[in-house]
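Some notes on the structure that comes next.
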Amino acid sequence: MAQLLAGELALSSADLKAASQSYDKAMMISNDPEVAGKATALAVAIHDQDAARRAIDRWQALGATPAQLAQARAQLAVEQGQTDEARRQLSILIGSGDKDAWRMFGRVLIGSRDPALAGNLLESLATPDHLPPDPKAWLAMSELGEQLNRHGYAQQTADGAMKRFGTAETYAWAAQLKLNNGDRSGGLNLLREAQGKDPNNIGLRLTYASLLGQSGQYAQAAHLLEKGPQNAQTYALRAALAANAKDNKTLEQVYRQLSQASDDVRSSSAYLLGQLAEVLGRKDDALKWYDQVPDEDDHAFDADLRSAILLQDLGRSAEAHQQLAEMQTDYLDQPAQLRRAYEVDADLYLREKRYPDAIDSFSHALQVAPDDPDLLYGRGLAYAEIGKIDPAVADFRRLLQVKPGDVDASNALGFTLADSGRDLSEAEQLIAAARAAKPNDPSIADSWGWLQYRLGHLDQAAEVLRNAWQTGKDADVGVHLGEVLWKQGHREQAQQVFDEVRRVDPRNATLQQTLKRLQP
């Protein structure tokens, strides 16, 4: 018992050599064949041939079965590169009549440090005349051949199993091999036959439908999946196919069927139901589904995030921020999730134009993920919105140090400098670089037009801003265009643009500030 305890302690510390030594001592004073069997396995694992032979002999004396002895001796022979002896022992093993003989055979070969030797033994022994009348054994050997890079053997054995047994599983594996080897057409044909042999096999339907979807055959894949038994996976794939095809009618059908499915399917699909409800514009329903996502579900964090965003969309801002505050406590020990919870909180504050609160949330997130580019960018924008130019410029400059040449950061820094009338030559270089990278971006065009205005180039500013305004009808671009037109003396045109901005964004703060300056 003392030696066994020492061996188990060594194993818990991954010290195989010490474990082998303890088990070697234990087997000599124990009459339990399992102890000798484990001593054998450990000796083979650490490549101690003398200890392995001694353990095999002890195991035999204590009553190991012929199959167990043949497996151990085959492992030892493979370890020593003795092909003939390994073949002899493996032949004894598969001829022993043990119900696990072929599984043991596979373990010997998969554990070999010499794939070429293992492959040769596989091909010479696991032949159609030796393999048992069991499709699982044929498939196992075919899979082993694939792992050992004996692709020809793997395919031949799979084809043989398919012809001999004709089960859906044999067709499916033969199809998978064809797909692995680039024969997409052959693989799809075999999957079609497999699915025809077992129409209710959910695994086959999922595999076949996935491949059809990857080929762009969304309708065929959806038609295949909507028939027959359903589970969480079939509903998820049907939803994905419908989303790719932009088929809202089918999304509605999947949502209705899934919401009426059995309790276990519905429970495991709560996050998917929430997503579908969101896509279909049912925000209140989406909230209810996200609330039902279990804590242990892989999507629990995402469900909480989506809930916060939905609460904000539904005008329940205080609840949204409370939800995120709770998440910031719940995920204190998970940096990636904690960072994201702070970031979403900050983004919601930005949407509410609560810039000091957004800055606070971004700052907390940056404590979790220092120098994160997205967080620096967001905080820089928030600082700029409340006129704190120095910290805004500092964040954008730091971002460009972390991520040199970033187009959005270059544009943001250039615009901030131009808007505050600082370092206009640097602003021109930054915005010009961003414009070269994204010549059709309206926000960069806005920055360029506003820079021209600051430089006194009113005609050029008006032309650039007019094009940007017509492209996207962004409220801030419209405000800038209106101010330029006003300064040019085209006050009627400017007022028309301001009126249109008011229709686009009635509460636009930039418009209100600009009108106060222009019409005191």
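Labels used: A, B, ... for chains in the order of the structure tokens, numbers from 1 for residues in each chain, and numbers from 1 for ligands as shown.
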
For this session: Give me the residues within 12 Å of Ala409 in chain A as a PyMOL selection string, counting only C-alpha atoms and dropping any in the same chain fewer than 5 places off.
Result: chain A and resi 373-381+392-404+414-416+427+430-431+433-434+444

I need the residues from that last selection saved to file as a PDB file, in the first residue's frame (with N, CA and C atoms), if you can.
ATOM      1  N   PRO A 373      -6.265  49.292 -28.126  1.00  0.00           N
ATOM      2  CA  PRO A 373      -6.546  50.308 -29.160  1.00  0.00           C
ATOM      3  C   PRO A 373      -7.999  50.767 -29.185  1.00  0.00           C
ATOM      4  N   ASP A 374      -8.947  49.841 -29.103  1.00  0.00           N
ATOM      5  CA  ASP A 374     -10.356  50.227 -29.172  1.00  0.00           C
ATOM      6  C   ASP A 374     -10.751  51.102 -27.979  1.00  0.00           C
ATOM      7  N   LEU A 375     -10.208  50.780 -26.827  1.00  0.00           N
ATOM      8  CA  LEU A 375     -10.549  51.549 -25.631  1.00  0.00           C
ATOM      9  C   LEU A 375      -9.927  52.946 -25.679  1.00  0.00           C
ATOM     10  N   LEU A 376      -8.699  53.038 -26.124  1.00  0.00           N
ATOM     11  CA  LEU A 376      -8.064  54.351 -26.270  1.00  0.00           C
ATOM     12  C   LEU A 376      -8.834  55.219 -27.263  1.00  0.00           C
ATOM     13  N   TYR A 377      -9.272  54.609 -28.351  1.00  0.00           N
ATOM     14  CA  TYR A 377     -10.018  55.349 -29.375  1.00  0.00           C
ATOM     15  C   TYR A 377     -11.338  55.857 -28.802  1.00  0.00           C
ATOM     16  N   GLY A 378     -12.066  54.986 -28.115  1.00  0.00           N
ATOM     17  CA  GLY A 378     -13.351  55.384 -27.552  1.00  0.00           C
ATOM     18  C   GLY A 378     -13.207  56.486 -26.521  1.00  0.00           C
ATOM     19  N   ARG A 379     -12.216  56.352 -25.635  1.00  0.00           N
ATOM     20  CA  ARG A 379     -12.043  57.389 -24.611  1.00  0.00           C
ATOM     21  C   ARG A 379     -11.601  58.707 -25.230  1.00  0.00           C
ATOM     22  N   GLY A 380     -10.744  58.609 -26.265  1.00  0.00           N
ATOM     23  CA  GLY A 380     -10.318  59.835 -26.950  1.00  0.00           C
ATOM     24  C   GLY A 380     -11.495  60.580 -27.547  1.00  0.00           C
ATOM     25  N   LEU A 381     -12.421  59.842 -28.166  1.00  0.00           N
ATOM     26  CA  LEU A 381     -13.612  60.478 -28.739  1.00  0.00           C
ATOM     27  C   LEU A 381     -14.451  61.140 -27.649  1.00  0.00           C
ATOM     28  N   ALA A 392      -7.670  64.016 -25.001  1.00  0.00           N
ATOM     29  CA  ALA A 392      -8.107  63.365 -26.242  1.00  0.00           C
ATOM     30  C   ALA A 392      -6.922  63.160 -27.167  1.00  0.00           C
ATOM     31  N   VAL A 393      -6.144  64.212 -27.353  1.00  0.00           N
ATOM     32  CA  VAL A 393      -4.953  64.118 -28.215  1.00  0.00           C
ATOM     33  C   VAL A 393      -3.982  63.090 -27.650  1.00  0.00           C
ATOM     34  N   ALA A 394      -3.834  63.058 -26.322  1.00  0.00           N
ATOM     35  CA  ALA A 394      -2.908  62.096 -25.696  1.00  0.00           C
ATOM     36  C   ALA A 394      -3.350  60.658 -25.985  1.00  0.00           C
ATOM     37  N   ASP A 395      -4.652  60.395 -25.893  1.00  0.00           N
ATOM     38  CA  ASP A 395      -5.136  59.035 -26.177  1.00  0.00           C
ATOM     39  C   ASP A 395      -4.912  58.658 -27.642  1.00  0.00           C
ATOM     40  N   PHE A 396      -5.195  59.577 -28.559  1.00  0.00           N
ATOM     41  CA  PHE A 396      -5.016  59.266 -29.973  1.00  0.00           C
ATOM     42  C   PHE A 396      -3.529  59.080 -30.308  1.00  0.00           C
ATOM     43  N   ARG A 397      -2.679  59.906 -29.700  1.00  0.00           N
ATOM     44  CA  ARG A 397      -1.241  59.744 -29.953  1.00  0.00           C
ATOM     45  C   ARG A 397      -0.746  58.401 -29.405  1.00  0.00           C
ATOM     46  N   ARG A 398      -1.230  58.034 -28.218  1.00  0.00           N
ATOM     47  CA  ARG A 398      -0.821  56.746 -27.640  1.00  0.00           C
ATOM     48  C   ARG A 398      -1.299  55.598 -28.521  1.00  0.00           C
ATOM     49  N   LEU A 399      -2.506  55.724 -29.035  1.00  0.00           N
ATOM     50  CA  LEU A 399      -3.045  54.697 -29.923  1.00  0.00           C
ATOM     51  C   LEU A 399      -2.171  54.535 -31.164  1.00  0.00           C
ATOM     52  N   LEU A 400      -1.705  55.648 -31.719  1.00  0.00           N
ATOM     53  CA  LEU A 400      -0.850  55.564 -32.912  1.00  0.00           C
ATOM     54  C   LEU A 400       0.532  54.997 -32.582  1.00  0.00           C
ATOM     55  N   GLN A 401       0.970  55.130 -31.317  1.00  0.00           N
ATOM     56  CA  GLN A 401       2.216  54.468 -30.913  1.00  0.00           C
ATOM     57  C   GLN A 401       2.013  52.961 -30.824  1.00  0.00           C
ATOM     58  N   VAL A 402       0.850  52.570 -30.262  1.00  0.00           N
ATOM     59  CA  VAL A 402       0.535  51.152 -30.111  1.00  0.00           C
ATOM     60  C   VAL A 402       0.226  50.515 -31.464  1.00  0.00           C
ATOM     61  N   LYS A 403      -0.439  51.272 -32.319  1.00  0.00           N
ATOM     62  CA  LYS A 403      -0.892  50.747 -33.610  1.00  0.00           C
ATOM     63  C   LYS A 403      -0.543  51.755 -34.700  1.00  0.00           C
ATOM     64  N   PRO A 404       0.733  51.818 -35.086  1.00  0.00           N
ATOM     65  CA  PRO A 404       1.168  52.833 -36.048  1.00  0.00           C
ATOM     66  C   PRO A 404       0.400  52.766 -37.370  1.00  0.00           C
ATOM     67  N   GLY A 414      -6.302  63.877 -36.377  1.00  0.00           N
ATOM     68  CA  GLY A 414      -6.272  64.999 -37.327  1.00  0.00           C
ATOM     69  C   GLY A 414      -7.482  65.905 -37.159  1.00  0.00           C
ATOM     70  N   PHE A 415      -8.659  65.314 -37.028  1.00  0.00           N
ATOM     71  CA  PHE A 415      -9.875  66.126 -36.870  1.00  0.00           C
ATOM     72  C   PHE A 415      -9.843  66.895 -35.556  1.00  0.00           C
ATOM     73  N   THR A 416      -9.423  66.243 -34.478  1.00  0.00           N
ATOM     74  CA  THR A 416      -9.396  66.896 -33.171  1.00  0.00           C
ATOM     75  C   THR A 416      -8.465  68.099 -33.196  1.00  0.00           C
ATOM     76  N   ALA A 427      -2.223  68.108 -38.609  1.00  0.00           N
ATOM     77  CA  ALA A 427      -3.572  67.621 -38.890  1.00  0.00           C
ATOM     78  C   ALA A 427      -3.726  67.307 -40.375  1.00  0.00           C
ATOM     79  N   LEU A 430      -2.009  63.999 -41.188  1.00  0.00           N
ATOM     80  CA  LEU A 430      -2.734  62.846 -40.656  1.00  0.00           C
ATOM     81  C   LEU A 430      -3.992  62.540 -41.471  1.00  0.00           C
ATOM     82  N   ILE A 431      -4.780  63.584 -41.763  1.00  0.00           N
ATOM     83  CA  ILE A 431      -6.036  63.354 -42.488  1.00  0.00           C
ATOM     84  C   ILE A 431      -5.750  62.965 -43.937  1.00  0.00           C
ATOM     85  N   ALA A 433      -3.243  61.178 -44.956  1.00  0.00           N
ATOM     86  CA  ALA A 433      -2.869  59.754 -44.934  1.00  0.00           C
ATOM     87  C   ALA A 433      -4.111  58.886 -44.794  1.00  0.00           C
ATOM     88  N   ALA A 434      -5.036  59.310 -43.929  1.00  0.00           N
ATOM     89  CA  ALA A 434      -6.275  58.545 -43.760  1.00  0.00           C
ATOM     90  C   ALA A 434      -7.098  58.573 -45.041  1.00  0.00           C
ATOM     91  N   ILE A 444     -13.946  60.594 -43.034  1.00  0.00           N
ATOM     92  CA  ILE A 444     -12.631  61.164 -43.340  1.00  0.00           C
ATOM     93  C   ILE A 444     -12.788  62.372 -44.262  1.00  0.00           C
TER      94      ILE A 444
END

Problem set entry | Close residues, Asp114 in chain A itself excluded, 12 Å, only C-alpha atoms, min 2 positions apart in chain, as a ChimeraX atom specification | /A:75,77-83,108-112,116-121,148

Problem set entry | Counting only C-alpha atoms, the residue of A:Ile46, A:Leu485, A:Ala6, A:Val279 that sits nearest Leu458 in chain A |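 Using only C-alpha atoms, Leu458 in chain A sits closest to A:Leu485.
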
For this session: Return as a list in words the full set of residues in range 129-158 of chain A whose backbone-based DSSP assignment is alpha helix (DSSP H).
Result: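 For range 129-158 of chain A, the alpha helix (DSSP H) set is Pro135, Lys136, Ala137, Trp138, Leu139, Ala140, Met141, Ser142, Glu143, Leu144, Gly145, Glu146, Gln147, His151, Gly152, Tyr153, Ala154, Gln155, Gln156, Thr157 and Ala158 of chain A.
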
Please, could you write that set of residues out with N, CA, C and O atoms as a compact mmCIF listing (two decimals), in the first residue's frame?
# COMPACT_ATOMS: atom_id res chain seq x y z
N PRO A 135 -18.75 -3.65 -38.14
CA PRO A 135 -18.42 -2.40 -38.83
C PRO A 135 -17.62 -1.43 -37.98
O PRO A 135 -16.81 -0.67 -38.49
N LYS A 136 -17.82 -1.47 -36.64
CA LYS A 136 -17.08 -0.56 -35.78
C LYS A 136 -15.57 -0.82 -35.84
O LYS A 136 -14.76 0.11 -35.82
N ALA A 137 -15.19 -2.11 -35.92
CA ALA A 137 -13.77 -2.45 -36.00
C ALA A 137 -13.19 -1.96 -37.32
O ALA A 137 -12.07 -1.43 -37.36
N TRP A 138 -13.92 -2.16 -38.41
CA TRP A 138 -13.44 -1.70 -39.72
C TRP A 138 -13.26 -0.18 -39.73
O TRP A 138 -12.24 0.33 -40.21
N LEU A 139 -14.23 0.51 -39.19
CA LEU A 139 -14.14 1.97 -39.16
C LEU A 139 -12.99 2.43 -38.26
O LEU A 139 -12.28 3.39 -38.59
N ALA A 140 -12.80 1.75 -37.14
CA ALA A 140 -11.70 2.12 -36.23
C ALA A 140 -10.35 1.95 -36.92
O ALA A 140 -9.46 2.80 -36.78
N MET A 141 -10.18 0.88 -37.66
CA MET A 141 -8.91 0.66 -38.36
C MET A 141 -8.72 1.66 -39.51
O MET A 141 -7.61 2.13 -39.76
N SER A 142 -9.82 1.99 -40.17
CA SER A 142 -9.73 3.00 -41.22
C SER A 142 -9.32 4.35 -40.63
O SER A 142 -8.45 5.05 -41.18
N GLU A 143 -9.92 4.71 -39.50
CA GLU A 143 -9.56 5.97 -38.84
C GLU A 143 -8.10 5.95 -38.40
O GLU A 143 -7.41 6.96 -38.49
N LEU A 144 -7.65 4.81 -37.89
CA LEU A 144 -6.26 4.68 -37.48
C LEU A 144 -5.33 4.86 -38.68
O LEU A 144 -4.29 5.53 -38.60
N GLY A 145 -5.71 4.27 -39.81
CA GLY A 145 -4.91 4.45 -41.01
C GLY A 145 -4.82 5.91 -41.42
O GLY A 145 -3.75 6.40 -41.82
N GLU A 146 -5.92 6.63 -41.31
CA GLU A 146 -5.93 8.06 -41.64
C GLU A 146 -4.99 8.83 -40.70
O GLU A 146 -4.25 9.72 -41.14
N GLN A 147 -5.01 8.48 -39.40
CA GLN A 147 -4.14 9.14 -38.44
C GLN A 147 -2.67 8.87 -38.71
O GLN A 147 -1.81 9.72 -38.46
N HIS A 151 -3.42 6.97 -46.17
CA HIS A 151 -4.71 7.40 -46.71
C HIS A 151 -5.32 6.37 -47.65
O HIS A 151 -6.54 6.18 -47.67
N GLY A 152 -4.46 5.71 -48.43
CA GLY A 152 -4.98 4.69 -49.35
C GLY A 152 -5.61 3.54 -48.59
O GLY A 152 -6.71 3.08 -48.94
N TYR A 153 -4.92 3.07 -47.55
CA TYR A 153 -5.46 1.99 -46.72
C TYR A 153 -6.76 2.43 -46.07
O TYR A 153 -7.74 1.68 -46.03
N ALA A 154 -6.77 3.67 -45.54
CA ALA A 154 -7.96 4.16 -44.86
C ALA A 154 -9.16 4.17 -45.80
O ALA A 154 -10.25 3.72 -45.43
N GLN A 155 -8.97 4.65 -47.02
CA GLN A 155 -10.07 4.73 -47.97
C GLN A 155 -10.52 3.33 -48.41
O GLN A 155 -11.73 3.05 -48.49
N GLN A 156 -9.56 2.44 -48.65
CA GLN A 156 -9.91 1.08 -49.08
C GLN A 156 -10.70 0.36 -47.98
O GLN A 156 -11.70 -0.33 -48.26
N THR A 157 -10.26 0.51 -46.74
CA THR A 157 -10.96 -0.15 -45.64
C THR A 157 -12.35 0.44 -45.45
O THR A 157 -13.32 -0.28 -45.19
N ALA A 158 -12.44 1.77 -45.59
CA ALA A 158 -13.75 2.42 -45.48
C ALA A 158 -14.69 1.95 -46.59
O ALA A 158 -15.86 1.65 -46.34

For this session: Please provide as a PyMOL selection string all residues within 7 Å of range 92-105 of chain A, with the sequence filter that same-chain residues fewer than 6 positions apart are discarded (counting only C-alpha atoms).
Result: chain A and resi 66-67+70-71+137

Write out the residues from the selection above, keeping all heavy atoms, as a PDB file, in the first residue's frame.
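Final output, saved to part-v4.pdb:
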ATOM      1  N   PRO A  66      -4.123 -13.909 -22.125  1.00  0.00           N
ATOM      2  CA  PRO A  66      -3.262 -13.951 -23.308  1.00  0.00           C
ATOM      3  C   PRO A  66      -3.298 -12.644 -24.106  1.00  0.00           C
ATOM      4  O   PRO A  66      -2.262 -12.195 -24.631  1.00  0.00           O
ATOM      5  CB  PRO A  66      -3.845 -15.114 -24.110  1.00  0.00           C
ATOM      6  CG  PRO A  66      -4.461 -16.004 -23.081  1.00  0.00           C
ATOM      7  CD  PRO A  66      -5.026 -15.077 -22.051  1.00  0.00           C
ATOM      8  N   ALA A  67      -4.468 -12.025 -24.199  1.00  0.00           N
ATOM      9  CA  ALA A  67      -4.578 -10.779 -24.953  1.00  0.00           C
ATOM     10  C   ALA A  67      -3.786  -9.662 -24.273  1.00  0.00           C
ATOM     11  O   ALA A  67      -3.095  -8.879 -24.937  1.00  0.00           O
ATOM     12  CB  ALA A  67      -6.047 -10.372 -25.085  1.00  0.00           C
ATOM     13  N   ALA A  70      -0.070 -10.319 -24.868  1.00  0.00           N
ATOM     14  CA  ALA A  70       0.311 -10.064 -26.253  1.00  0.00           C
ATOM     15  C   ALA A  70       0.372  -8.565 -26.528  1.00  0.00           C
ATOM     16  O   ALA A  70       1.275  -8.070 -27.216  1.00  0.00           O
ATOM     17  CB  ALA A  70      -0.688 -10.736 -27.203  1.00  0.00           C
ATOM     18  N   GLN A  71      -0.578  -7.825 -25.964  1.00  0.00           N
ATOM     19  CA  GLN A  71      -0.562  -6.371 -26.156  1.00  0.00           C
ATOM     20  C   GLN A  71       0.699  -5.765 -25.555  1.00  0.00           C
ATOM     21  O   GLN A  71       1.371  -4.937 -26.186  1.00  0.00           O
ATOM     22  CB  GLN A  71      -1.797  -5.735 -25.515  1.00  0.00           C
ATOM     23  CG  GLN A  71      -1.837  -4.216 -25.676  1.00  0.00           C
ATOM     24  CD  GLN A  71      -2.919  -3.543 -24.841  1.00  0.00           C
ATOM     25  OE1 GLN A  71      -3.409  -4.135 -23.887  1.00  0.00           O
ATOM     26  NE2 GLN A  71      -3.282  -2.326 -25.194  1.00  0.00           N
ATOM     27  N   ALA A 137     -15.194  -2.112 -35.916  1.00  0.00           N
ATOM     28  CA  ALA A 137     -13.769  -2.447 -36.000  1.00  0.00           C
ATOM     29  C   ALA A 137     -13.187  -1.963 -37.320  1.00  0.00           C
ATOM     30  O   ALA A 137     -12.068  -1.427 -37.359  1.00  0.00           O
ATOM     31  CB  ALA A 137     -13.586  -3.949 -35.843  1.00  0.00           C
TER      32      ALA A 137
END

Problem set entry | Option closest in space to Gln253 in chain A, from A:Glu226, A:Asp32, A:Asp360, A:Asp459 [counting only C-alpha atoms] |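 Selected residue with least distance to Gln253 in chain A: A:Glu226.
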
Seminar exercise, completed: re CA of Ala239 in chain A and CA of Ala168 in chain A: distance 25.7 Å

Problem set entry | Which of A:Phe301, A:Asp406, A:Ala242, A:Leu273 sits closest to Asp330 in chain A [using only C-alpha atoms] | A:Phe301

Exercise. Which of these, A:Ala45, A:Thr40, A:Leu287, A:Asp297, has the shortest distance to Asp57 in chain A once you count only C-alpha atoms?
Worked result: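 Among A:Ala45, A:Thr40, A:Leu287, A:Asp297, it is A:Thr40 that comes nearest to Asp57 in chain A.
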
Exercise. Hey, which of A:Leu90, A:Ala432, A:Leu188, A:Ala221 ends up closest to Leu241 in chain A? Count only C-alpha atoms.
Worked result: A:Ala221

For this session: Figure out the distance between CA of Gln217 in chain A and CA of Lys246 in chain A, please, to one decimal in Å.
Result: 13.3 Å

Exercise. Excluding same-chain residues fewer than 3 positions from Tyr453 in chain A, what lies within 10 Å of it counting only C-alpha atoms, as JSON, numbers by chain?
Worked result: {"A": [418, 419, 447, 448, 449, 450, 456, 457, 458, 459, 460, 461, 462, 465, 480, 481, 483, 484, 487]}

Using N, CA and C atoms, can you export the residues from the last selection as a CSV table (one decimal), in the first residue's frame?
chain,number,residue,atom,x,y,z
A,418,ALA,N,-7.6,69.8,-35.9
A,418,ALA,CA,-8.2,70.8,-36.8
A,418,ALA,C,-9.3,71.5,-36.1
A,419,ASP,N,-10.2,70.8,-35.4
A,419,ASP,CA,-11.3,71.4,-34.8
A,419,ASP,C,-10.9,72.4,-33.7
A,447,SER,N,-13.6,65.2,-42.1
A,447,SER,CA,-12.4,65.8,-41.5
A,447,SER,C,-11.6,66.7,-42.4
A,448,TRP,N,-11.5,66.2,-43.7
A,448,TRP,CA,-10.7,66.9,-44.7
A,448,TRP,C,-11.4,68.3,-45.0
A,449,GLY,N,-12.7,68.2,-45.2
A,449,GLY,CA,-13.5,69.4,-45.4
A,449,GLY,C,-13.4,70.4,-44.3
A,450,TRP,N,-13.5,69.9,-43.1
A,450,TRP,CA,-13.4,70.8,-41.9
A,450,TRP,C,-12.0,71.4,-41.7
A,456,GLY,N,-9.1,78.2,-44.0
A,456,GLY,CA,-9.7,79.3,-44.8
A,456,GLY,C,-10.0,79.0,-46.2
A,457,HIS,N,-10.0,77.8,-46.6
A,457,HIS,CA,-10.3,77.4,-48.0
A,457,HIS,C,-11.7,77.1,-48.1
A,458,LEU,N,-12.6,78.1,-48.1
A,458,LEU,CA,-14.0,77.9,-48.0
A,458,LEU,C,-14.6,77.1,-49.2
A,459,ASP,N,-14.2,77.5,-50.4
A,459,ASP,CA,-14.8,76.8,-51.6
A,459,ASP,C,-14.5,75.3,-51.6
A,460,GLN,N,-13.2,75.0,-51.3
A,460,GLN,CA,-12.8,73.6,-51.3
A,460,GLN,C,-13.5,72.9,-50.2
A,461,ALA,N,-13.7,73.5,-49.0
A,461,ALA,CA,-14.4,72.9,-47.9
A,461,ALA,C,-15.8,72.6,-48.2
A,462,ALA,N,-16.5,73.6,-48.9
A,462,ALA,CA,-17.9,73.4,-49.2
A,462,ALA,C,-18.1,72.2,-50.2
A,465,LEU,N,-17.4,68.8,-48.3
A,465,LEU,CA,-18.5,68.5,-47.3
A,465,LEU,C,-19.8,68.3,-48.0
A,480,HIS,N,-21.4,70.8,-40.3
A,480,HIS,CA,-20.2,71.4,-40.8
A,480,HIS,C,-20.4,72.1,-42.2
A,481,LEU,N,-21.2,71.4,-43.0
A,481,LEU,CA,-21.5,72.0,-44.3
A,481,LEU,C,-22.3,73.3,-44.2
A,483,GLU,N,-22.3,75.4,-41.7
A,483,GLU,CA,-21.5,76.5,-41.2
A,483,GLU,C,-20.6,77.0,-42.3
A,484,VAL,N,-20.1,76.2,-43.1
A,484,VAL,CA,-19.2,76.7,-44.2
A,484,VAL,C,-20.1,77.5,-45.1
A,487,LYS,N,-20.7,80.9,-43.6
A,487,LYS,CA,-19.6,81.8,-43.7
A,487,LYS,C,-19.3,82.3,-45.1
